[in-house]
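Below: data-v4.txt (compact mmCIF, C-alpha atoms)
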```
# COMPACT_ATOMS: atom_id res chain seq x y z
CA MET A 1 11.44 84.06 88.79
CA GLY A 2 10.68 82.24 92.10
CA THR A 3 12.85 79.53 93.52
CA THR A 4 11.29 76.09 93.64
CA VAL A 5 12.28 73.34 96.06
CA SER A 6 12.82 70.01 94.36
CA GLU A 7 11.59 66.71 95.79
CA GLY A 8 15.25 65.74 96.28
CA GLN A 9 15.88 68.85 98.39
CA ARG A 10 12.79 68.13 100.49
CA ARG A 11 13.92 64.54 101.00
CA ASP A 12 17.39 65.71 101.98
CA ALA A 13 15.92 68.23 104.45
CA ARG A 14 13.73 65.51 106.02
CA ASN A 15 16.74 63.20 106.23
CA THR A 16 18.92 65.89 107.82
CA ARG A 17 16.22 66.75 110.35
CA ARG A 18 15.77 63.05 111.19
CA ARG A 19 19.53 62.57 111.67
CA LEU A 20 19.68 65.58 113.99
CA LEU A 21 16.75 64.28 116.01
CA GLU A 22 18.30 60.80 116.29
CA ALA A 23 21.64 62.28 117.37
CA ALA A 24 19.91 64.45 119.96
CA VAL A 25 17.92 61.48 121.30
CA ALA A 26 21.15 59.57 121.88
CA LEU A 27 23.19 62.44 123.33
CA PHE A 28 20.47 63.79 125.64
CA ALA A 29 19.96 60.25 126.99
CA GLU A 30 23.71 59.76 127.48
CA ARG A 31 24.61 63.19 128.90
CA GLY A 32 21.46 65.11 129.84
CA TYR A 33 20.42 68.48 128.49
CA GLU A 34 23.24 70.65 129.83
CA ARG A 35 26.16 68.45 128.79
CA ALA A 36 24.90 67.60 125.30
CA THR A 37 26.18 70.47 123.18
CA VAL A 38 24.76 71.72 119.89
CA ARG A 39 28.14 71.06 118.27
CA ASP A 40 28.22 67.45 119.53
CA ILE A 41 24.68 66.81 118.28
CA ALA A 42 25.50 68.25 114.85
CA ASP A 43 28.79 66.30 114.69
CA ARG A 44 27.05 63.03 115.51
CA ALA A 45 24.44 63.77 112.84
CA GLY A 46 27.21 64.61 110.37
CA VAL A 47 25.92 68.11 109.61
CA ASN A 48 26.78 71.75 110.29
CA GLN A 49 25.36 73.01 113.59
CA ALA A 50 23.66 75.90 111.75
CA LEU A 51 21.23 73.31 110.38
CA LEU A 52 20.15 72.43 113.91
CA PHE A 53 18.99 76.01 114.41
CA ARG A 54 17.39 76.07 110.96
CA TYR A 55 15.27 72.96 111.61
CA PHE A 56 14.60 73.29 115.34
CA GLY A 57 15.17 76.94 116.26
CA SER A 58 17.07 76.29 119.50
CA LYS A 59 18.59 73.56 121.64
CA ARG A 60 15.64 73.83 124.05
CA ALA A 61 13.13 73.42 121.23
CA LEU A 62 15.06 70.37 120.02
CA PHE A 63 15.05 68.93 123.54
CA GLY A 64 11.30 69.46 123.80
CA GLU A 65 10.82 67.58 120.55
CA VAL A 66 13.08 64.75 121.74
CA ILE A 67 11.09 64.37 124.97
CA ALA A 68 7.78 64.50 123.16
CA HIS A 69 8.95 62.10 120.44
CA ASN A 70 10.43 59.54 122.84
CA GLY A 71 7.54 59.52 125.25
CA GLU A 72 4.78 59.69 122.67
CA GLU A 73 6.37 56.89 120.66
CA GLN A 74 6.56 54.62 123.69
CA LEU A 75 3.03 55.51 124.80
CA ARG A 76 1.71 54.99 121.25
CA THR A 77 3.40 51.66 120.58
CA THR A 78 3.18 49.99 124.01
CA PRO A 79 0.00 48.41 125.42
CA PRO A 80 -0.83 49.90 128.86
CA HIS A 81 -0.17 46.62 130.72
CA GLU A 82 3.34 46.46 129.17
CA LEU A 83 4.26 50.15 129.64
CA LEU A 84 5.87 49.89 133.05
CA GLU A 85 8.11 47.00 132.05
CA ALA A 86 9.00 48.63 128.70
CA ALA A 87 9.95 51.88 130.44
CA LEU A 88 11.86 49.96 133.12
CA ARG A 89 13.79 47.98 130.50
CA GLY A 90 14.70 51.26 128.79
CA LEU A 91 16.20 52.49 132.05
CA LEU A 92 17.89 49.19 132.85
CA GLY A 93 19.51 49.14 129.42
CA HIS A 94 20.73 52.74 129.89
CA GLY A 95 18.45 53.78 127.02
CA GLY A 96 17.97 50.83 124.69
CA ARG A 97 17.13 50.84 121.03
CA GLU A 98 13.41 50.11 121.31
CA PRO A 99 11.02 52.95 120.30
CA GLY A 100 10.82 55.49 123.06
CA SER A 101 12.95 53.50 125.48
CA ARG A 102 15.26 56.44 126.16
CA ALA A 103 12.47 58.76 127.28
CA LEU A 104 12.81 58.27 131.03
CA ALA A 105 16.62 58.12 130.98
CA THR A 106 16.61 61.43 129.12
CA LEU A 107 14.26 62.92 131.70
CA LEU A 108 16.39 61.71 134.58
CA ARG A 109 19.57 63.20 133.14
CA SER A 110 17.89 66.54 132.42
CA VAL A 111 15.32 67.07 135.17
CA ASP A 112 17.15 69.95 136.86
CA SER A 113 17.96 71.87 133.70
CA GLY A 114 15.50 74.75 134.04
CA ASP A 115 11.86 75.70 133.98
CA GLU A 116 11.21 74.79 130.34
CA ILE A 117 12.77 71.38 130.86
CA GLY A 118 10.80 70.89 134.06
CA THR A 119 7.62 71.65 132.14
CA ALA A 120 8.47 69.00 129.54
CA VAL A 121 9.28 66.50 132.31
CA ARG A 122 5.96 67.14 134.06
CA ALA A 123 4.01 66.82 130.81
CA ILE A 124 5.44 63.45 129.82
CA SER A 125 5.28 62.21 133.43
CA ASP A 126 1.57 63.09 133.47
CA ASP A 127 1.08 61.09 130.27
CA TYR A 128 2.84 58.03 131.72
CA ALA A 129 0.93 58.32 135.01
CA ARG A 130 -2.39 58.56 133.16
CA VAL A 131 -1.71 55.30 131.30
CA LEU A 132 -0.48 53.55 134.46
CA ALA A 133 -3.58 54.75 136.35
CA SER A 134 -5.71 52.89 133.81
CA LEU A 135 -4.24 49.63 135.17
CA SER A 136 -5.85 50.04 138.59
CA SER A 137 -9.51 49.74 139.47
CA ALA A 138 -8.97 51.27 142.93
CA ASP A 139 -10.53 54.60 143.91
CA ASN A 140 -7.06 56.08 144.39
CA HIS A 141 -5.73 54.83 141.01
CA GLU A 142 -4.03 58.17 140.24
CA LEU A 143 -2.03 58.04 143.47
CA ARG A 144 -1.12 54.42 142.77
CA ALA A 145 0.12 55.38 139.31
CA ASP A 146 2.24 58.21 140.72
CA LEU A 147 3.76 55.83 143.26
CA ALA A 148 4.58 53.29 140.54
CA LEU A 149 6.12 55.98 138.33
CA SER A 150 8.11 57.35 141.27
CA TRP A 151 9.52 53.93 142.03
CA LEU A 152 10.40 53.45 138.36
CA LEU A 153 12.24 56.78 138.22
CA GLY A 154 13.98 56.02 141.51
CA ILE A 155 15.22 52.72 140.12
CA GLY A 156 16.47 54.54 137.05
CA MET A 157 18.22 57.17 139.14
CA MET A 158 20.02 54.59 141.29
CA ARG A 159 21.04 52.44 138.31
CA VAL A 160 21.70 55.01 135.58
CA LEU A 161 22.88 58.10 137.48
CA VAL A 162 24.25 56.85 140.80
CA GLY A 163 25.50 53.45 139.65
CA LYS A 164 24.54 51.83 142.95
CA GLU A 165 25.57 48.19 143.19
CA PRO A 166 24.21 45.59 143.00
CA LEU A 167 21.39 47.34 141.08
CA ALA A 168 23.72 48.94 138.52
CA ASP A 169 24.81 45.55 137.15
CA ALA A 170 21.72 43.51 138.00
CA ASP A 171 20.17 41.39 135.26
CA PRO A 172 17.26 43.32 133.67
CA ASP A 173 15.06 40.20 133.63
CA GLU A 174 15.53 39.70 137.36
CA VAL A 175 14.86 43.37 138.13
CA CYS A 176 11.75 43.41 135.94
CA ALA A 177 10.40 40.25 137.56
CA LEU A 178 10.88 41.64 141.08
CA VAL A 179 9.49 45.09 140.26
CA THR A 180 6.43 43.96 138.32
CA SER A 181 5.66 41.39 140.99
CA ALA A 182 5.86 44.01 143.76
CA LEU A 183 3.93 46.61 141.78
CA GLY A 184 1.14 44.13 141.10
CA ALA A 185 -0.26 45.14 144.49
CA LEU A 186 -0.53 48.75 143.29
CA LEU A 187 -1.57 48.18 139.69
CA ASP A 188 -3.81 45.14 139.40
CA GLY A 189 -3.72 45.35 135.59
CA LEU A 190 -0.05 44.35 135.39
CA PRO A 191 0.73 40.90 134.03
CA ALA A 192 2.39 38.46 136.40
CA ALA A 193 6.18 38.60 136.52
CA ASN A 194 6.55 35.44 134.45
CA GLY A 195 4.25 36.84 131.75
CA ARG A 196 1.14 34.91 132.84
CA ARG A 197 -1.95 36.55 134.29
```
Represent the structure contained in this file as structure tokens.
Amino acid sequence: MGTTVSEGQRRDARNTRRRLLEAAVALFAERGYERATVRDIADRAGVNQALLFRYFGSKRALFGEVIAHNGEEQLRTTPPHELLEAALRGLLGHGGREPGSRALATLLRSVDSGDEIGTAVRAISDDYARVLASLSSADNHELRADLALSWLLGIGMMRVLVGKEPLADADPDEVCALVTSALGALLDGLPAANGRR
């Protein structure tokens, strides 16, 4: 007689997988790929670490899903003209609670963790750059988008990783106003710093 999986078991499996993913999102953003251990992720999720391997196969596969989930969620839920500020606020808040806001912080903390990680970083960076490029009508809109993304990541690196003052403790509203105002010359589809076009 075959074994059947009840609806309750399926729900529990989905819930366990979701908890593992949420724990990994938080820990990868806080520590980066190398320092976030499988045991710590499982502990935060409140499950045995064997379940991580059952649902994701490996730590690298889990990381790839975290990167894809974070970035895709932010890209899916954020209008193009708000993407740069939403991503910037995620970095300024050291990985806030908004959908996808930890994506770039996670990338920054993990960028030097190996070829597979580098591939994931390049893929999501390409997606962000493509959306940002849509905000410029200039012939060199792709270059402009890469410059904007580079500045954004540089700001994140100095605030989140280096802790450079006064940027590390600067008010996110003030930083966003200054950055979006300055980047308006690169990306003419950005709203004005005060929210008016």
Exercise. To one decimal place, how far is CA of Val179 (chain A) from CA of Glu85 (chain A) in Å?
Worked result: 8.5 Å
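If you measure from each of A:Ile124, A:Cys176, A:Ala87, A:Ala182 to Gly64 (chain A) using all atoms listed in the file, the closest one turns out to be A:Ile124.
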Seminar exercise, completed: Pairwise distance, CA of Arg144 (chain A) with CA of Leu187 (chain A), equals 7.0 Å
Exercise. Restricting the calculation to all atoms listed in the file, which member of A:Glu30, A:Ile67, A:Leu149, A:Val175 is positioned closest to Asp126 (chain A)?
Worked result: A:Leu149
For this session: Quote the spacing between CA of Val38 (chain A) and CA of Leu92 (chain A) in Å to one decimal place.
Result: 26.9 Å
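If only C-alpha atoms are the atoms counted, then among A:Asp173, A:Met157, A:Phe63, A:Arg14 the closest residue to Leu91 (chain A) is A:Met157.
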Exercise. Taking only C-alpha atoms into account, which of A:Leu21, A:Ala13, A:Leu147, A:Leu135 comes nearest Pro79 (chain A)?
Worked result: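 Using only C-alpha atoms, the shortest distance to Pro79 (chain A) belongs to A:Leu135.
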Problem set entry | Counting only C-alpha atoms, the option among A:Asp146, A:Asp43, A:Asp171, A:Asp139 closest to Arg122 (chain A) |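 Among the listed residues, the smallest separation from Arg122 (chain A) belongs to A:Asp146.
Closest to Asn15 (chain A) among A:Val47, A:Ala129, A:Val162, A:Ile41 is A:Val47, based on only C-alpha atoms.
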